[in-house]
$ cat work10.tsv   # TSV, C-alpha atoms
chain	number	residue	atom	x	y	z
A	1	MET	CA	36.08	93.88	80.44
A	2	PRO	CA	39.34	95.77	81.02
A	3	LEU	CA	42.53	93.77	80.93
A	4	PHE	CA	44.61	93.08	84.07
A	5	GLN	CA	41.77	93.48	86.58
A	6	PRO	CA	42.01	91.11	89.59
A	7	GLU	CA	38.26	90.48	89.60
A	8	ASN	CA	38.52	88.93	86.11
A	9	ALA	CA	40.07	85.81	87.64
A	10	THR	CA	37.14	85.00	89.92
A	11	ALA	CA	34.11	86.27	87.99
A	12	THR	CA	32.85	82.80	87.02
A	13	PRO	CA	33.73	79.16	87.81
A	14	ARG	CA	35.20	78.83	84.29
A	15	ARG	CA	37.48	81.82	84.87
A	16	ARG	CA	38.56	80.52	88.28
A	17	ARG	CA	39.56	77.20	86.69
A	18	LEU	CA	41.32	78.95	83.80
A	19	TYR	CA	43.16	81.24	86.21
A	20	ALA	CA	44.32	78.23	88.26
A	21	ILE	CA	45.68	76.51	85.15
A	22	TYR	CA	47.57	79.63	84.06
A	23	GLU	CA	48.99	80.06	87.56
A	24	LEU	CA	50.23	76.45	87.58
A	25	VAL	CA	51.97	76.96	84.24
A	26	TYR	CA	53.38	80.30	85.43
A	27	THR	CA	54.77	78.68	88.59
A	28	ALA	CA	56.28	75.78	86.61
A	29	ILE	CA	58.01	78.24	84.28
A	30	ASP	CA	59.26	80.28	87.24
A	31	LEU	CA	60.62	77.19	89.02
A	32	SER	CA	62.25	75.87	85.83
A	33	ALA	CA	63.96	79.19	85.17
A	34	ALA	CA	65.26	79.39	88.75
A	35	LEU	CA	66.60	75.82	88.63
A	36	LEU	CA	68.31	76.48	85.30
A	37	PHE	CA	70.03	79.53	86.79
A	38	ILE	CA	71.16	77.56	89.84
A	39	VAL	CA	72.51	74.71	87.70
A	40	GLY	CA	74.15	77.19	85.33
A	41	SER	CA	75.81	78.96	88.25
A	42	VAL	CA	77.23	75.70	89.61
A	43	MET	CA	78.49	74.75	86.15
A	44	PHE	CA	80.47	77.99	85.97
A	45	PHE	CA	82.77	76.75	88.75
A	46	SER	CA	84.39	74.41	86.23
A	47	ASP	CA	85.98	75.55	82.97
A	48	ALA	CA	84.82	72.35	81.27
A	49	TRP	CA	81.17	73.04	82.16
A	50	GLN	CA	81.00	76.75	81.26
A	51	THR	CA	79.43	76.21	77.82
A	52	PRO	CA	76.56	74.04	79.15
A	53	GLY	CA	76.21	76.55	82.00
A	54	THR	CA	75.85	79.36	79.46
A	55	TRP	CA	73.09	77.38	77.76
A	56	CYS	CA	71.33	76.97	81.10
A	57	PHE	CA	71.44	80.75	81.57
A	58	LEU	CA	70.07	81.32	78.07
A	59	VAL	CA	67.20	78.85	78.46
A	60	GLY	CA	66.46	80.20	81.96
A	61	SER	CA	66.32	83.73	80.54
A	62	ILE	CA	63.89	82.59	77.85
A	63	PHE	CA	61.73	80.99	80.55
A	64	PHE	CA	61.75	84.26	82.49
A	65	ALA	CA	60.62	86.04	79.29
A	66	PHE	CA	57.69	83.58	79.03
A	67	LYS	CA	56.31	84.80	82.35
A	68	PRO	CA	54.98	88.22	81.26
A	69	THR	CA	54.01	86.73	77.90
A	70	LEU	CA	51.90	84.12	79.68
A	71	ARG	CA	50.16	86.81	81.74
A	72	VAL	CA	49.26	88.76	78.58
A	73	VAL	CA	47.97	85.57	76.92
A	74	ARG	CA	45.86	84.83	80.02
A	75	GLU	CA	44.34	88.30	79.98
A	76	ILE	CA	43.53	88.05	76.27
A	77	HIS	CA	41.94	84.66	76.96
A	78	PHE	CA	39.80	86.21	79.72
A	79	TYR	CA	38.86	89.03	77.37
A	80	ARG	CA	37.79	86.60	74.65
A	81	ILE	CA	35.56	84.59	76.99
A	82	GLY	CA	34.12	87.74	78.56
A	83	ASP	CA	30.43	88.40	78.82
A	84	LEU	CA	29.60	90.12	75.53
A	85	GLU	CA	26.46	91.68	76.97
A	86	ASP	CA	28.50	93.49	79.64
A	87	LEU	CA	30.97	94.63	76.98
A	88	ALA	CA	28.11	96.01	74.88
A	89	LYS	CA	26.65	97.88	77.89
A	90	ARG	CA	30.01	99.50	78.64
A	91	ALA	CA	30.46	100.47	74.98
A	92	ARG	CA	27.05	102.22	74.96
A	93	GLY	CA	27.41	104.12	78.14
$ encode --input "work10.tsv" --output "structure tokens"
Amino acid sequence: MPLFQPENATATPRRRRLYAIYELVYTAIDLSAALLFIVGSVMFFSDAWQTPGTWCFLVGSIFFAFKPTLRVVREIHFYRIGDLEDLAKRARG
């Protein structure tokens, strides 16, 4: 099974459930990162809050870095639960 193929997400009921879980986590990370950037931006209006605002930007950036990492982890997970018989057929021919 090739990685990053849209049909991987819906091939079986197990994969559909797994895909839904990964998408929920992905969306939660995305929302958290966006909120941290908004809060960090507001904090920068005050000199006293610039250091916590900088931390919000850093944590938000880390969350944004989790997004592609999570997609790669999901694809590896799909690959590992793939149908080994199909993989063997593709390897032979």
$ closest_residue --input "work10.tsv" --among "A:Trp55, A:Ser41, A:Ser32, A:Tyr26" --to "Pro68 of chain A" --atoms "all atoms listed in the file"
A:Tyr26
$ atom_distance --input "work10.tsv" --atom1 "atom CA of Tyr79 of chain A" --atom2 "atom CA of Arg16 of chain A"
13.8 Å
$ residues_near_point --input "work10.tsv" --point "(74.5, 79.4, 81.8)" --cutoff "12 Å" --atoms "all atoms listed in the file" --output "list in words"
Ala33, Ala34, Leu35, Leu36, Phe37, Ile38, Val39, Gly40, Ser41, Val42, Met43, Phe44, Phe45, Ser46, Trp49, Gln50, Thr51, Pro52, Gly53, Thr54, Trp55, Cys56, Phe57, Leu58, Val59, Gly60, Ser61 and Ile62 of chain A
$ closest_residue --input "work10.tsv" --among "A:Leu31, A:Ala48, A:Ala65, A:Val73" --to "Tyr19 of chain A" --atoms "all atoms listed in the file"
A:Val73
$ atom_distance --input "work10.tsv" --atom1 "atom CA of Pro13 of chain A" --atom2 "atom CA of Phe63 of chain A"
29.0 Å
$ atom_distance --input "work10.tsv" --atom1 "atom CA of Arg74 of chain A" --atom2 "atom CA of Tyr22 of chain A"
6.8 Å
$ residues_around --input "work10.tsv" --residues "Ile29 of chain A" --least-positions-apart "6" --cutoff "8 Å" --atoms "all atoms listed in the file" --output "list in words"
Phe63, Phe64, Phe66 and Lys67 of chain A
$ axis_aligned_box --input "work10.tsv" --around "segment 20-28 of chain A" --padding-each-side "6 Å" --output "JSON"
{"center_x": 50.3, "center_y": 78.0, "center_z": 86.3, "size_x": 24.0, "size_y": 16.5, "size_z": 16.5}
$ build_atoms --input "work10.tsv" --residues "segment 32-43 of chain A" --atoms "all heavy atoms" --output "mmCIF file, in the frame of the given file"
data_model
loop_
_atom_site.group_PDB
_atom_site.id
_atom_site.type_symbol
_atom_site.label_atom_id
_atom_site.label_comp_id
_atom_site.auth_asym_id
_atom_site.auth_seq_id
_atom_site.Cartn_x
_atom_site.Cartn_y
_atom_site.Cartn_z
ATOM 1 N N SER A 32 61.297 76.366 86.825
ATOM 2 C CA SER A 32 62.250 75.870 85.830
ATOM 3 C C SER A 32 63.358 76.890 85.566
ATOM 4 O O SER A 32 64.536 76.536 85.500
ATOM 5 C CB SER A 32 61.533 75.551 84.515
ATOM 6 O OG SER A 32 60.587 74.540 84.696
ATOM 7 N N ALA A 33 62.974 78.146 85.414
ATOM 8 C CA ALA A 33 63.960 79.190 85.170
ATOM 9 C C ALA A 33 64.929 79.308 86.346
ATOM 10 O O ALA A 33 66.149 79.404 86.157
ATOM 11 C CB ALA A 33 63.263 80.523 84.915
ATOM 12 N N ALA A 34 64.401 79.285 87.563
ATOM 13 C CA ALA A 34 65.260 79.390 88.750
ATOM 14 C C ALA A 34 66.227 78.207 88.826
ATOM 15 O O ALA A 34 67.421 78.392 89.099
ATOM 16 C CB ALA A 34 64.398 79.462 90.002
ATOM 17 N N LEU A 35 65.720 77.002 88.586
ATOM 18 C CA LEU A 35 66.600 75.820 88.630
ATOM 19 C C LEU A 35 67.672 75.887 87.552
ATOM 20 O O LEU A 35 68.830 75.516 87.806
ATOM 21 C CB LEU A 35 65.765 74.545 88.480
ATOM 22 C CG LEU A 35 64.871 74.203 89.668
ATOM 23 C CD1 LEU A 35 63.986 73.000 89.344
ATOM 24 C CD2 LEU A 35 65.698 73.943 90.918
ATOM 25 N N LEU A 36 67.310 76.348 86.359
ATOM 26 C CA LEU A 36 68.310 76.480 85.300
ATOM 27 C C LEU A 36 69.407 77.480 85.694
ATOM 28 O O LEU A 36 70.587 77.263 85.405
ATOM 29 C CB LEU A 36 67.654 76.895 83.985
ATOM 30 C CG LEU A 36 66.917 75.774 83.267
ATOM 31 C CD1 LEU A 36 65.984 76.336 82.205
ATOM 32 C CD2 LEU A 36 67.903 74.798 82.640
ATOM 33 N N PHE A 37 69.028 78.555 86.351
ATOM 34 C CA PHE A 37 70.030 79.530 86.790
ATOM 35 C C PHE A 37 70.922 78.961 87.889
ATOM 36 O O PHE A 37 72.126 79.218 87.915
ATOM 37 C CB PHE A 37 69.356 80.834 87.240
ATOM 38 C CG PHE A 37 69.245 81.840 86.133
ATOM 39 C CD1 PHE A 37 68.276 81.694 85.152
ATOM 40 C CD2 PHE A 37 70.118 82.907 86.047
ATOM 41 C CE1 PHE A 37 68.169 82.601 84.118
ATOM 42 C CE2 PHE A 37 70.032 83.823 85.007
ATOM 43 C CZ PHE A 37 69.043 83.676 84.039
ATOM 44 N N ILE A 38 70.350 78.185 88.788
ATOM 45 C CA ILE A 38 71.160 77.560 89.840
ATOM 46 C C ILE A 38 72.140 76.564 89.228
ATOM 47 O O ILE A 38 73.346 76.581 89.528
ATOM 48 C CB ILE A 38 70.265 76.872 90.891
ATOM 49 C CG1 ILE A 38 69.509 77.935 91.690
ATOM 50 C CG2 ILE A 38 71.080 75.971 91.811
ATOM 51 C CD1 ILE A 38 68.392 77.368 92.554
ATOM 52 N N VAL A 39 71.638 75.700 88.343
ATOM 53 C CA VAL A 39 72.510 74.710 87.700
ATOM 54 C C VAL A 39 73.572 75.414 86.866
ATOM 55 O O VAL A 39 74.752 75.040 86.909
ATOM 56 C CB VAL A 39 71.664 73.743 86.828
ATOM 57 C CG1 VAL A 39 72.553 72.874 85.945
ATOM 58 C CG2 VAL A 39 70.780 72.865 87.708
ATOM 59 N N GLY A 40 73.176 76.435 86.126
ATOM 60 C CA GLY A 40 74.150 77.190 85.330
ATOM 61 C C GLY A 40 75.218 77.839 86.189
ATOM 62 O O GLY A 40 76.396 77.855 85.832
ATOM 63 N N SER A 41 74.833 78.344 87.343
ATOM 64 C CA SER A 41 75.810 78.960 88.250
ATOM 65 C C SER A 41 76.808 77.941 88.771
ATOM 66 O O SER A 41 78.016 78.216 88.835
ATOM 67 C CB SER A 41 75.075 79.601 89.438
ATOM 68 O OG SER A 41 74.248 80.650 89.003
ATOM 69 N N VAL A 42 76.330 76.759 89.139
ATOM 70 C CA VAL A 42 77.230 75.700 89.610
ATOM 71 C C VAL A 42 78.171 75.271 88.493
ATOM 72 O O VAL A 42 79.364 75.048 88.716
ATOM 73 C CB VAL A 42 76.411 74.492 90.154
ATOM 74 C CG1 VAL A 42 77.313 73.312 90.438
ATOM 75 C CG2 VAL A 42 75.650 74.904 91.406
ATOM 76 N N MET A 43 77.659 75.160 87.282
ATOM 77 C CA MET A 43 78.490 74.750 86.150
ATOM 78 C C MET A 43 79.628 75.733 85.882
ATOM 79 O O MET A 43 80.670 75.352 85.371
ATOM 80 C CB MET A 43 77.633 74.595 84.889
ATOM 81 C CG MET A 43 76.749 73.384 84.894
ATOM 82 S SD MET A 43 75.779 73.323 83.377
ATOM 83 C CE MET A 43 75.107 71.679 83.494
#
